[in-house]
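Okay, final-v7.cif is below, mmCIF, C-alpha atoms and all ligand atoms:
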data_data
loop_
_atom_site.label_atom_id
_atom_site.label_comp_id
_atom_site.auth_asym_id
_atom_site.auth_seq_id
_atom_site.Cartn_x
_atom_site.Cartn_y
_atom_site.Cartn_z
CA MET D 942 205.25 424.23 423.67
CA ARG D 943 208.35 425.30 421.78
CA PHE D 944 209.48 424.05 418.39
CA SER D 945 212.80 424.17 416.61
CA SER D 946 213.67 427.17 414.42
CA LEU D 947 213.67 424.75 411.48
CA THR D 948 209.88 424.69 411.68
CA ASP D 949 209.86 428.42 410.80
CA ARG D 950 212.35 427.99 407.99
CA ILE D 951 210.30 425.28 406.25
CA ASP D 952 207.11 427.37 406.43
CA GLY D 953 207.71 429.64 403.42
CA PRO D 954 205.71 430.81 400.39
CA GLY D 955 206.25 427.39 398.77
CA VAL D 956 203.79 425.99 401.29
CA ALA D 957 201.22 428.77 400.69
CA ALA D 958 201.23 428.07 396.94
CA TRP D 959 199.51 424.71 397.54
CA GLN D 960 196.49 426.36 399.21
CA ILE D 961 194.52 426.47 395.98
CA HIS D 962 195.21 422.80 395.36
CA ASN D 963 194.14 421.94 398.91
CA ALA D 964 190.93 423.91 398.35
CA ALA D 965 190.34 421.96 395.12
CA MET D 966 190.84 418.62 396.90
CA GLN D 967 188.42 419.72 399.62
CA GLY D 968 185.89 420.70 396.92
CA LEU D 969 186.24 417.28 395.25
CA ARG D 970 185.64 415.55 398.59
CA GLU D 971 182.45 417.61 398.92
CA GLY D 972 181.34 416.36 395.50
CA ARG D 973 181.80 419.65 393.62
CA ASP D 974 182.49 419.66 389.87
CA ILE D 975 186.14 420.67 390.25
CA ILE D 976 188.79 420.25 387.58
CA ALA D 977 192.15 420.12 389.35
CA LEU D 978 194.98 421.23 387.09
CA SER D 979 197.09 422.23 390.06
CA VAL D 980 199.28 419.20 390.75
CA GLY D 981 201.75 417.11 388.79
CA ASP D 982 200.23 413.73 389.54
CA PRO D 983 199.28 411.82 386.39
CA SER D 984 195.94 410.06 386.05
CA PHE D 985 197.62 407.13 384.24
CA ALA D 986 197.76 403.86 386.16
CA THR D 987 201.20 402.54 387.05
CA PRO D 988 202.01 399.94 384.35
CA GLN D 989 200.58 396.54 385.28
CA PRO D 990 203.87 394.56 385.18
CA ILE D 991 205.30 396.91 387.82
CA CYS D 992 202.25 396.45 390.06
CA ASP D 993 202.40 392.67 389.53
CA ARG D 994 206.01 392.55 390.70
CA ALA D 995 205.12 394.45 393.89
CA ILE D 996 202.15 392.15 394.63
CA ASP D 997 204.22 389.00 394.02
CA ALA D 998 206.95 390.39 396.26
CA ILE D 999 204.53 391.08 399.11
CA GLN D 1000 203.02 387.63 398.77
CA SER D 1001 206.39 385.99 398.83
CA GLY D 1002 207.34 387.77 402.05
CA ASP D 1003 209.45 390.68 400.78
CA THR D 1004 208.19 392.75 403.69
CA HIS D 1005 211.24 393.12 405.91
CA TYR D 1006 214.12 395.55 406.29
CA THR D 1007 216.37 395.86 403.27
CA ALA D 1008 219.81 397.31 402.59
CA ILE D 1009 219.77 401.00 403.55
CA THR D 1010 220.86 402.39 400.19
CA GLY D 1011 218.83 399.85 398.25
CA LYS D 1012 218.88 396.24 397.12
CA PRO D 1013 221.99 395.48 395.08
CA GLU D 1014 219.93 394.36 392.04
CA LEU D 1015 218.10 397.69 392.01
CA ARG D 1016 221.25 399.77 392.45
CA GLN D 1017 222.84 397.74 389.65
CA ALA D 1018 219.83 398.23 387.38
CA ILE D 1019 219.93 402.01 387.95
CA ALA D 1020 223.70 402.10 387.38
CA ARG D 1021 223.23 400.16 384.13
CA LEU D 1022 220.51 402.56 383.01
CA TYR D 1023 222.90 405.51 383.27
CA THR D 1024 225.86 403.60 381.87
CA GLN D 1025 223.89 402.58 378.79
CA HIS D 1026 222.00 405.82 378.26
CA PHE D 1027 224.85 408.25 378.80
CA ASN D 1028 227.77 405.97 378.05
CA LEU D 1029 229.18 406.57 381.53
CA PRO D 1030 230.98 404.16 383.85
CA ILE D 1031 228.43 404.39 386.67
CA ARG D 1032 228.63 401.56 389.22
CA MET D 1033 226.20 400.42 391.87
CA GLU D 1034 228.44 402.09 394.46
CA ASN D 1035 227.44 405.41 392.85
CA VAL D 1036 223.73 404.81 393.51
CA ALA D 1037 221.48 405.16 396.56
CA VAL D 1038 217.71 404.78 396.40
CA SER D 1039 215.53 407.42 398.03
CA ALA D 1040 211.86 407.91 398.85
CA GLY D 1041 211.21 409.87 395.65
CA ALA D 1042 213.30 412.70 394.28
CA GLN D 1043 212.12 414.91 397.12
CA ASN D 1044 213.80 412.78 399.76
CA GLY D 1045 216.86 412.61 397.48
CA ILE D 1046 217.10 416.41 397.27
CA PHE D 1047 216.84 416.90 401.02
CA THR D 1048 219.26 414.06 401.75
CA THR D 1049 221.78 415.50 399.29
CA ALA D 1050 221.43 419.00 400.73
CA LEU D 1051 222.03 417.66 404.24
CA CYS D 1052 225.23 415.91 403.14
CA LEU D 1053 226.62 418.84 401.12
CA LEU D 1054 225.74 422.00 403.02
CA ASN D 1055 226.46 423.47 406.43
CA PRO D 1056 224.38 426.15 408.15
CA GLY D 1057 225.68 429.46 406.81
CA ASP D 1058 226.68 428.05 403.42
CA ASP D 1059 225.22 429.44 400.22
CA ALA D 1060 223.51 427.30 397.61
CA LEU D 1061 222.59 428.79 394.25
CA ALA D 1062 219.37 427.75 392.56
CA LEU D 1063 218.30 428.34 388.99
CA GLU D 1064 214.96 430.12 389.10
CA PRO D 1065 212.10 429.39 388.39
CA VAL D 1066 212.77 427.01 391.21
CA TYR D 1067 210.61 424.11 392.35
CA LEU D 1068 208.66 425.05 395.44
CA THR D 1069 210.28 422.70 397.92
CA TYR D 1070 213.89 423.75 397.30
CA ALA D 1071 213.69 426.74 399.66
CA GLY D 1072 212.42 424.50 402.46
CA CYS D 1073 215.18 421.94 401.85
CA LEU D 1074 218.05 424.40 401.59
CA GLU D 1075 216.97 427.04 404.07
CA GLY D 1076 215.51 424.42 406.37
CA ILE D 1077 219.01 423.15 407.07
CA GLY D 1078 220.29 426.69 407.63
CA ALA D 1079 221.89 427.34 404.24
CA ARG D 1080 221.02 430.41 402.18
CA MET D 1081 219.34 429.87 398.81
CA LEU D 1082 220.34 432.50 396.25
CA ARG D 1083 218.30 432.55 393.07
CA ALA D 1084 219.63 433.13 389.56
CA PRO D 1085 216.59 434.06 387.48
CA MET D 1086 215.79 432.70 384.04
CA LEU D 1087 213.13 435.00 382.64
CA PRO D 1088 210.19 434.58 380.28
CA ASP D 1089 211.21 437.42 377.97
CA GLN D 1090 214.59 435.67 377.52
CA ASP D 1091 212.90 432.35 376.82
CA PHE D 1092 214.04 431.11 380.22
CA ARG D 1093 217.66 430.93 379.07
CA LEU D 1094 220.47 430.84 381.61
CA ASP D 1095 221.78 434.28 382.58
CA LEU D 1096 225.36 433.29 383.30
CA ASP D 1097 226.37 436.74 384.54
CA ALA D 1098 223.54 436.71 387.07
CA LEU D 1099 224.56 433.24 388.24
CA ARG D 1100 228.24 434.13 388.41
CA SER D 1101 227.54 437.32 390.37
CA LEU D 1102 226.04 435.24 393.21
CA VAL D 1103 229.16 433.15 393.81
CA THR D 1104 231.05 433.99 397.02
CA PRO D 1105 233.56 432.05 399.13
CA ARG D 1106 230.54 430.67 401.02
CA THR D 1107 228.99 429.09 397.91
CA ARG D 1108 229.03 425.28 397.96
CA ALA D 1109 226.55 424.10 395.34
CA ILE D 1110 224.27 424.91 392.43
CA PHE D 1111 220.84 423.25 392.46
CA LEU D 1112 218.77 423.01 389.30
CA ALA D 1113 215.90 421.05 387.83
CA ASN D 1114 216.55 420.02 384.25
CA PRO D 1115 214.02 419.92 382.60
CA ASN D 1116 212.60 422.74 384.66
CA ASN D 1117 209.31 422.76 386.52
CA PRO D 1118 207.30 424.89 385.71
CA THR D 1119 208.85 426.17 382.43
CA GLY D 1120 209.51 422.81 380.76
CA ARG D 1121 212.78 424.25 379.47
CA VAL D 1122 215.71 421.88 378.85
CA LEU D 1123 219.19 423.39 379.21
CA SER D 1124 221.36 423.43 376.08
CA MET D 1125 224.90 422.06 375.89
CA GLU D 1126 226.26 425.64 376.03
CA GLU D 1127 224.29 426.40 379.19
CA LEU D 1128 225.37 423.16 380.86
CA GLU D 1129 228.98 423.81 379.92
CA ALA D 1130 228.79 427.35 381.37
CA ILE D 1131 227.42 426.03 384.68
CA ALA D 1132 230.06 423.29 384.69
CA GLU D 1133 232.86 425.77 384.12
CA LEU D 1134 231.65 427.89 387.02
CA ALA D 1135 231.50 424.79 389.23
CA ARG D 1136 235.01 423.69 388.25
CA THR D 1137 236.44 427.17 388.82
CA HIS D 1138 234.88 427.62 392.26
CA ASP D 1139 234.94 423.98 393.35
CA LEU D 1140 231.15 423.66 393.60
CA TRP D 1141 228.79 420.72 393.58
CA VAL D 1142 226.08 420.68 390.91
CA VAL D 1143 222.86 418.96 391.93
CA VAL D 1144 220.64 418.16 388.95
CA ASP D 1145 217.04 417.17 389.60
CA GLU D 1146 216.05 415.02 386.62
CA VAL D 1147 212.47 414.17 387.60
CA TYR D 1148 211.30 415.08 384.07
CA ARG D 1149 214.28 413.72 382.12
CA ALA D 1150 212.29 410.97 380.39
CA LEU D 1151 209.63 413.46 379.31
CA VAL D 1152 211.59 415.55 376.80
CA PHE D 1153 209.38 416.11 373.74
CA ASP D 1154 211.64 418.30 371.63
CA GLY D 1155 215.37 417.76 371.25
CA ASP D 1156 217.85 415.59 373.18
CA TYR D 1157 218.59 415.53 376.88
CA LEU D 1158 222.22 416.15 377.80
CA ALA D 1159 223.38 415.26 381.28
CA MET D 1160 225.70 417.36 383.42
CA HIS D 1161 227.79 414.38 384.50
CA GLN D 1162 228.68 413.69 380.85
CA LEU D 1163 230.80 416.84 380.72
CA PRO D 1164 234.56 416.64 381.33
CA ASP D 1165 235.56 416.43 385.01
CA MET D 1166 231.96 416.82 386.14
CA ARG D 1167 231.24 413.30 387.39
CA GLU D 1168 233.21 413.97 390.59
CA ARG D 1169 231.10 417.04 391.45
CA THR D 1170 227.67 416.18 390.04
CA VAL D 1171 224.75 414.70 391.96
CA THR D 1172 221.90 413.46 389.79
CA ILE D 1173 218.50 412.93 391.33
CA GLY D 1174 216.13 410.55 389.51
CA SER D 1175 212.55 409.46 390.07
CA LEU D 1176 209.90 407.15 388.65
CA SER D 1177 207.07 409.43 389.84
CA LYS D 1178 206.23 411.13 386.56
CA SER D 1179 207.88 408.93 383.95
CA HIS D 1180 206.14 405.75 385.18
CA ALA D 1181 203.07 407.26 386.89
CA MET D 1182 204.44 406.15 390.26
CA THR D 1183 204.07 409.27 392.41
CA GLY D 1184 202.60 407.33 395.31
CA TRP D 1185 205.33 404.68 395.31
CA ARG D 1186 207.90 407.24 396.50
CA SER D 1187 210.59 405.73 394.36
CA GLY D 1188 213.65 407.72 393.40
CA TRP D 1189 217.43 407.62 393.55
CA ILE D 1190 220.65 409.57 393.83
CA VAL D 1191 223.61 409.03 391.49
CA ALA D 1192 226.78 410.56 392.92
CA PRO D 1193 230.48 409.99 393.60
CA GLU D 1194 231.07 407.05 395.95
CA PRO D 1195 232.17 409.06 399.04
CA LEU D 1196 228.90 411.01 398.94
CA ILE D 1197 226.89 407.78 398.64
CA GLU D 1198 228.69 406.51 401.74
CA HIS D 1199 227.58 409.62 403.69
CA ILE D 1200 224.06 409.23 402.31
CA ASP D 1201 224.08 405.62 403.53
CA ARG D 1202 224.77 406.79 407.10
CA LEU D 1203 222.19 409.57 406.87
CA ALA D 1204 219.54 407.22 405.44
CA LEU D 1205 220.27 404.79 408.30
CA ASN D 1206 219.12 407.49 410.70
CA MET D 1207 216.37 409.00 408.60
CA LEU D 1208 214.73 406.41 406.34
CA TYR D 1209 216.13 402.94 407.10
CA GLY D 1210 215.62 401.80 403.52
CA LEU D 1211 212.66 401.70 401.15
CA PRO D 1212 210.20 398.79 401.41
CA GLY D 1213 211.61 395.70 399.69
CA PHE D 1214 208.51 395.08 397.58
CA ILE D 1215 208.65 398.65 396.25
CA GLN D 1216 212.28 398.12 395.29
CA THR D 1217 211.43 394.86 393.53
CA ALA D 1218 208.81 396.73 391.50
CA MET D 1219 211.35 399.49 390.81
CA VAL D 1220 213.71 396.89 389.29
CA GLU D 1221 211.00 396.05 386.73
CA ALA D 1222 210.39 399.75 386.06
CA VAL D 1223 214.09 400.43 385.52
CA HIS D 1224 214.75 397.30 383.41
CA ARG D 1225 211.98 398.30 381.00
CA TYR D 1226 212.65 402.04 381.26
CA PRO D 1227 212.71 402.83 377.49
CA GLU D 1228 209.47 400.94 376.86
CA PHE D 1229 207.47 402.46 379.74
CA THR D 1230 208.78 405.98 379.27
CA ALA D 1231 208.15 406.05 375.51
CA GLU D 1232 204.49 405.30 376.18
CA MET D 1233 204.19 407.92 378.94
CA ARG D 1234 206.02 410.56 376.92
CA ALA D 1235 203.60 410.10 374.01
CA ARG D 1236 200.63 410.50 376.34
CA TYR D 1237 202.00 413.63 378.03
CA ARG D 1238 202.84 415.09 374.63
CA ARG D 1239 199.23 414.59 373.53
CA ARG D 1240 198.05 416.42 376.63
CA ARG D 1241 200.51 419.27 376.06
CA ASP D 1242 199.17 419.61 372.52
CA ILE D 1243 195.57 419.64 373.78
CA VAL D 1244 196.38 422.57 376.10
CA THR D 1245 198.13 424.45 373.30
CA ALA D 1246 195.27 423.79 370.86
CA GLU D 1247 192.51 424.73 373.32
CA LEU D 1248 194.15 427.86 374.71
CA GLY D 1249 196.57 428.77 371.95
CA THR D 1250 194.78 431.64 370.32
CA GLY D 1251 192.08 434.16 370.71
CA TYR D 1252 191.52 434.59 374.43
CA GLY D 1253 194.08 437.27 375.20
CA ILE D 1254 196.09 434.76 377.21
CA GLN D 1255 199.20 433.08 375.81
CA VAL D 1256 200.37 429.51 376.21
CA ARG D 1257 204.11 428.86 376.40
CA GLN D 1258 204.98 425.64 374.62
CA PRO D 1259 207.15 423.53 376.99
CA MET D 1260 209.98 421.37 375.62
CA ALA D 1261 209.44 418.77 378.34
CA GLY D 1262 207.55 417.76 381.45
CA MET D 1263 203.89 417.91 382.35
CA PHE D 1264 203.07 421.59 382.75
CA SER D 1265 202.18 424.55 380.54
CA LEU D 1266 202.64 428.13 381.61
CA ILE D 1267 199.91 430.55 380.63
CA ASP D 1268 200.64 434.26 380.41
CA VAL D 1269 197.54 435.99 381.80
CA ARG D 1270 198.97 439.50 382.07
CA ALA D 1271 196.61 440.84 379.41
CA SER D 1272 193.72 440.22 381.82
CA GLY D 1273 195.01 443.07 383.99
CA MET D 1274 194.80 440.76 387.02
CA THR D 1275 197.67 439.44 389.08
CA SER D 1276 198.26 435.75 388.47
CA GLY D 1277 197.21 435.07 392.07
CA ASP D 1278 193.88 436.86 391.56
CA PHE D 1279 193.41 435.18 388.19
CA ALA D 1280 194.00 431.71 389.64
CA TRP D 1281 191.70 432.22 392.63
CA SER D 1282 188.92 433.93 390.64
CA LEU D 1283 189.14 431.17 388.03
CA PHE D 1284 188.80 428.63 390.81
CA ARG D 1285 185.83 430.39 392.44
CA GLU D 1286 183.96 431.12 389.20
CA GLN D 1287 184.83 428.09 387.06
CA ASN D 1288 185.93 425.42 389.55
CA VAL D 1289 189.32 424.99 387.87
CA SER D 1290 192.40 424.94 390.08
CA THR D 1291 195.77 426.05 388.68
CA VAL D 1292 198.88 427.36 390.42
CA ASP D 1293 200.04 430.97 390.51
CA ALA D 1294 203.46 430.54 388.87
CA GLU D 1295 204.83 433.58 390.70
CA ALA D 1296 205.45 431.17 393.58
CA PHE D 1297 208.29 429.68 391.47
CA SER D 1298 209.83 433.04 390.57
CA PRO D 1299 208.98 436.76 390.80
CA GLY D 1300 209.75 436.74 387.06
CA LEU D 1301 206.62 434.62 386.58
CA ALA D 1302 204.27 437.23 388.01
CA GLY D 1303 201.34 437.19 385.58
CA PHE D 1304 201.66 433.46 384.71
CA ILE D 1305 199.66 430.49 385.90
CA ARG D 1306 200.75 426.85 385.66
CA ILE D 1307 198.52 424.10 384.29
CA ALA D 1308 199.41 420.47 385.03
CA TYR D 1309 198.45 417.64 382.64
CA GLY D 1310 197.53 415.28 385.43
CA LEU D 1311 193.98 414.65 384.22
CA ASP D 1312 192.70 412.57 381.32
CA GLU D 1313 192.24 414.22 377.96
CA GLU D 1314 188.53 414.98 378.27
CA PRO D 1315 188.60 416.71 381.68
CA LEU D 1316 191.79 418.48 380.59
CA ARG D 1317 189.95 419.80 377.50
CA GLU D 1318 187.00 420.85 379.63
CA GLY D 1319 189.35 422.59 382.09
CA CYS D 1320 190.93 424.51 379.21
CA ARG D 1321 187.51 425.50 377.88
CA ARG D 1322 186.57 426.89 381.29
CA ILE D 1323 189.88 428.78 381.46
CA ALA D 1324 189.23 430.24 377.98
CA HIS D 1325 185.70 431.23 378.99
CA PHE D 1326 186.96 432.88 382.17
CA ALA D 1327 189.79 434.65 380.29
CA LYS D 1328 187.37 436.06 377.71
CA GLY D 1329 185.21 437.43 380.50
CA ALA D 1330 188.22 438.82 382.38
CA MET D 1331 189.45 440.69 379.27
CA ARG D 1332 186.08 442.44 378.98
CA ARG D 1333 186.09 443.66 382.58
CA PRO D 1334 186.93 447.37 383.00
C1 LIG R 1 211.23 419.58 389.94
C2 LIG R 1 210.70 418.55 390.88
N1 LIG R 1 211.54 417.96 391.73
C3 LIG R 1 211.13 417.02 392.60
C4 LIG R 1 209.80 416.65 392.65
C5 LIG R 1 209.37 415.57 393.62
O1 LIG R 1 209.32 414.33 392.92
P1 LIG R 1 209.14 412.94 393.65
O2 LIG R 1 207.71 412.54 393.52
O3 LIG R 1 210.03 411.98 392.92
O4 LIG R 1 209.56 413.12 395.07
C6 LIG R 1 208.87 417.25 391.80
C7 LIG R 1 207.45 416.91 391.88
O5 LIG R 1 206.59 417.50 391.27
C8 LIG R 1 209.34 418.23 390.88
O6 LIG R 1 208.51 418.84 390.04
#

How does the structure come out when it is put into structure tokens?
Amino acid sequence: MRFSSLTDRIDGPGVAAWQIHNAAMQGLREGRDIIALSVGDPSFATPQPICDRAIDAIQSGDTHYTAITGKPELRQAIARLYTQHFNLPIRMENVAVSAGAQNGIFTTALCLLNPGDDALALEPVYLTYAGCLEGIGARMLRAPMLPDQDFRLDLDALRSLVTPRTRAIFLANPNNPTGRVLSMEELEAIAELARTHDLWVVVDEVYRALVFDGDYLAMHQLPDMRERTVTIGSLSKSHAMTGWRSGWIVAPEPLIEHIDRLALNMLYGLPGFIQTAMVEAVHRYPEFTAEMRARYRRRRDIVTAELGTGYGIQVRQPMAGMFSLIDVRASGMTSGDFAWSLFREQNVSTVDAEAFSPGLAGFIRIAYGLDEEPLREGCRRIAHFAKGAMRRP
């Protein structure tokens, strides 16, 4: 049987990078003593009040179709969150809910790009972006941010990629996997490029609530940027709600109207009881996220303390998020070999960070999904493996 050419375009290296995680999950199902540090899914339970709202909603019959772009009270709550936090006049008409940030990114790409258009992406780039952008027939051009420049924006590199076919710049801020948060100067430079060339800027803010060091500045706060900025939000990491598939898009009203029509054909709205729970999560956003941020920060500090010195490998301290990058170049192994050998010999799964950027060849990514004790044990096994690897000829 024949399939569409899209099926080839979504089958890139981003998919292959999950193989180690799939192997770890298989090992866990077989009862092996695996420590999975390969995925950004937190072990914390979703806060009880959020779960309670969902259960009450199901029991009171909130199990039918809902408004395609979301219940008005949820869209209003999200609009209020942005208005209050960033002092911006965001209205419910600027908000559409999506099945997680992932669905929001793909939906946005479908409404902004034509086949043959170029989209720029700041690299390291999250693994699904290539599938989203190239899947719909656009070209994704990568502007690298490199480890030896502390993952700072290289404006010249970004600017050199702009052509008359460029329509948008996609970026995750804070970044996965570097945990870097863009500075005001970097945001302003991207904004200026967008204004000059009439580009959209799509900012994936999945980790916005998890900034440990410094403030978070939003692209749509900058002058004349609200009309060309799409902000993608999610409760997955900040509220330990990965499985609820709860996210949103904040954008100019005409784009939300297109998203409404696309979602009608693609999603037909999120479940009502999930949206009711999301209202609780958004109303109490500062309270829930402060708690989560403190827990993630503790885990980040555990990784830095356990792996920080003495094993030949180097931990990069992230400013935000739930991942640490480990520089394993001193082992003499490629990061792919390091990750797979570590998995085979020590039963610890990590991700070869080269999948996010050729500039990250020689780095692996550790996620803080697990509780503190297994995370510590995972780090100890990594240290043990690294010591052994350094001694090999
Ligand atoms: C940068 C980035 N964007 C999007 C996603 C997807 O998030 P969600 O669970 O909200 O779909 C992830 C998940 O890890 C991510 O790291």

From the list D:Glu1064, D:Glu1034, D:Glu971, D:Asp997, which residue is nearest ligand LIG 1 (chain R) when using all atoms listed in the file?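 Using all atoms listed in the file, ligand LIG 1 (chain R) sits closest to D:Glu1064.
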
Enumerate residues in contact with ligand LIG 1 (chain R): an atom-to-atom distance of at most 6 Å, counting all atoms listed in the file. Format the result as a list of chain:residue names.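 Checked against 6 Å with all atoms listed in the file; the hits are D:Gly981, D:Gly1041, D:Ala1042, D:Gln1043, D:Tyr1067, D:Ala1113, D:Asn1117, D:Asp1145, D:Val1147, D:Ser1175, D:Ser1177, D:Thr1183, D:Gly1188.
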
Pull C-alpha atoms from the residues just selected and write them as a PDB file, keeping the file's coordinate frame.
ATOM      1  CA  GLY D 981     201.750 417.110 388.790  1.00  0.00           C
ATOM      2  CA  GLY D1041     211.210 409.870 395.650  1.00  0.00           C
ATOM      3  CA  ALA D1042     213.300 412.700 394.280  1.00  0.00           C
ATOM      4  CA  GLN D1043     212.120 414.910 397.120  1.00  0.00           C
ATOM      5  CA  TYR D1067     210.610 424.110 392.350  1.00  0.00           C
ATOM      6  CA  ALA D1113     215.900 421.050 387.830  1.00  0.00           C
ATOM      7  CA  ASN D1117     209.310 422.760 386.520  1.00  0.00           C
ATOM      8  CA  ASP D1145     217.040 417.170 389.600  1.00  0.00           C
ATOM      9  CA  VAL D1147     212.470 414.170 387.600  1.00  0.00           C
ATOM     10  CA  SER D1175     212.550 409.460 390.070  1.00  0.00           C
ATOM     11  CA  SER D1177     207.070 409.430 389.840  1.00  0.00           C
ATOM     12  CA  THR D1183     204.070 409.270 392.410  1.00  0.00           C
ATOM     13  CA  GLY D1188     213.650 407.720 393.400  1.00  0.00           C
TER      14      GLY D1188
END

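Among the candidate residues D:Thr1250, D:Asn1035, D:Gln1255, D:Asn1116, the one lying nearest to D:Leu1094 is D:Asn1116, with distances computed using only C-alpha atoms.
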
Quick one: everything within 12 Å of D:Arg973, counting all atoms listed in the file, minus sequence neighbours fewer than 3 positions away in the same chain. Send it as a list in words. Ala964, Ala965, Met966, Gln967, Gly968, Leu969, Arg970, Ile976, Ala977, Phe1284, Arg1285, Gln1287, Asn1288 and Val1289 of chain D

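Considering all atoms listed in the file, the residue among D:Leu1283, D:Gly1213, D:Gly1078, D:Arg1321 positioned nearest to D:Ile999 is D:Gly1213.
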
Non-local contacts of stretch 1018-1029 of chain D (12 Å; only C-alpha atoms; under 4 positions in same chain excluded) as an NGL selection string: :D and (1011-1014 or 1033-1038 or 1149-1150 or 1156-1164 or 1166-1167 or 1172-1176 or 1187-1192 or 1216-1227)

Could you tell me how far atom CA of D:Ile1254 sits from atom CA of D:Ala1308, in Å to one decimal place? 16.6 Å

Long-range neighbours of D:Asp1089 as a count of residues only, 12 Å cut-off, all atoms listed in the file, 2 positions minimum in chain: 12

For the point (224.3, 411.6, 400.9) in the file's frame, write as a PyMOL selection string all residues with an atom no more than 10 Å away, counting only C-alpha atoms. chain D and resi 1010+1037+1045-1053+1171+1190-1204

Go ahead and write the residues just picked, C-alpha atoms, as a CSV table (one decimal), keeping the file's coordinate frame.
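Result saved to out.csv:
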chain,number,residue,atom,x,y,z
D,1010,THR,CA,220.9,402.4,400.2
D,1037,ALA,CA,221.5,405.2,396.6
D,1045,GLY,CA,216.9,412.6,397.5
D,1046,ILE,CA,217.1,416.4,397.3
D,1047,PHE,CA,216.8,416.9,401.0
D,1048,THR,CA,219.3,414.1,401.8
D,1049,THR,CA,221.8,415.5,399.3
D,1050,ALA,CA,221.4,419.0,400.7
D,1051,LEU,CA,222.0,417.7,404.2
D,1052,CYS,CA,225.2,415.9,403.1
D,1053,LEU,CA,226.6,418.8,401.1
D,1171,VAL,CA,224.8,414.7,392.0
D,1190,ILE,CA,220.6,409.6,393.8
D,1191,VAL,CA,223.6,409.0,391.5
D,1192,ALA,CA,226.8,410.6,392.9
D,1193,PRO,CA,230.5,410.0,393.6
D,1194,GLU,CA,231.1,407.0,396.0
D,1195,PRO,CA,232.2,409.1,399.0
D,1196,LEU,CA,228.9,411.0,398.9
D,1197,ILE,CA,226.9,407.8,398.6
D,1198,GLU,CA,228.7,406.5,401.7
D,1199,HIS,CA,227.6,409.6,403.7
D,1200,ILE,CA,224.1,409.2,402.3
D,1201,ASP,CA,224.1,405.6,403.5
D,1202,ARG,CA,224.8,406.8,407.1
D,1203,LEU,CA,222.2,409.6,406.9
D,1204,ALA,CA,219.5,407.2,405.4

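Here the question is which of D:Gln1090, D:Leu1128, D:Phe1264, D:Phe1326 gets nearest to D:Ser1282 using all atoms listed in the file, and that residue is D:Phe1326.
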
Who sits within 10 Å of D:Gly1277, only C-alpha atoms, same chain under 3 positions skipped, as a PDB file with C-alpha atoms, in the frame of the given file:
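Written file, part19.pdb:
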ATOM      1  CA  ALA D 958     201.230 428.070 396.940  1.00  0.00           C
ATOM      2  CA  ILE D 961     194.520 426.470 395.980  1.00  0.00           C
ATOM      3  CA  MET D1274     194.800 440.760 387.020  1.00  0.00           C
ATOM      4  CA  ALA D1280     194.000 431.710 389.640  1.00  0.00           C
ATOM      5  CA  TRP D1281     191.700 432.220 392.630  1.00  0.00           C
ATOM      6  CA  SER D1282     188.920 433.930 390.640  1.00  0.00           C
ATOM      7  CA  LEU D1283     189.140 431.170 388.030  1.00  0.00           C
ATOM      8  CA  THR D1291     195.770 426.050 388.680  1.00  0.00           C
ATOM      9  CA  VAL D1292     198.880 427.360 390.420  1.00  0.00           C
ATOM     10  CA  ASP D1293     200.040 430.970 390.510  1.00  0.00           C
ATOM     11  CA  ALA D1294     203.460 430.540 388.870  1.00  0.00           C
ATOM     12  CA  GLU D1295     204.830 433.580 390.700  1.00  0.00           C
ATOM     13  CA  ALA D1296     205.450 431.170 393.580  1.00  0.00           C
ATOM     14  CA  ALA D1302     204.270 437.230 388.010  1.00  0.00           C
ATOM     15  CA  GLY D1303     201.340 437.190 385.580  1.00  0.00           C
ATOM     16  CA  PHE D1304     201.660 433.460 384.710  1.00  0.00           C
ATOM     17  CA  ILE D1305     199.660 430.490 385.900  1.00  0.00           C
TER      18      ILE D1305
END

Can you tell me which residues surround D:Arg1239 at a distance of at most 10 Å, considering only C-alpha atoms, apart from same-chain residues fewer than 5 positions away, and format the answer as a PyMOL selection string? chain D and resi 1233-1234+1244-1245+1309+1313

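Across D:Ala995, D:Val980, D:Leu1082, D:Ile951, the tightest approach to D:Ala1109 is made by D:Leu1082 when counting all atoms listed in the file.
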
Out of D:Thr1170, D:Leu1208, D:Arg1241, D:Gly1253, which residue has the shortest atom-to-atom distance to D:Ile1307 when counting all atoms listed in the file?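 Of the candidates, the smallest distance to D:Ile1307 is held by D:Arg1241.
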
Record the distance separating atom CA of D:Asp1097 and atom CA of D:Ser1124, expressed in Å with one decimal.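 Straight-line distance from atom CA of D:Asp1097 to atom CA of D:Ser1124 works out to 16.5 Å.
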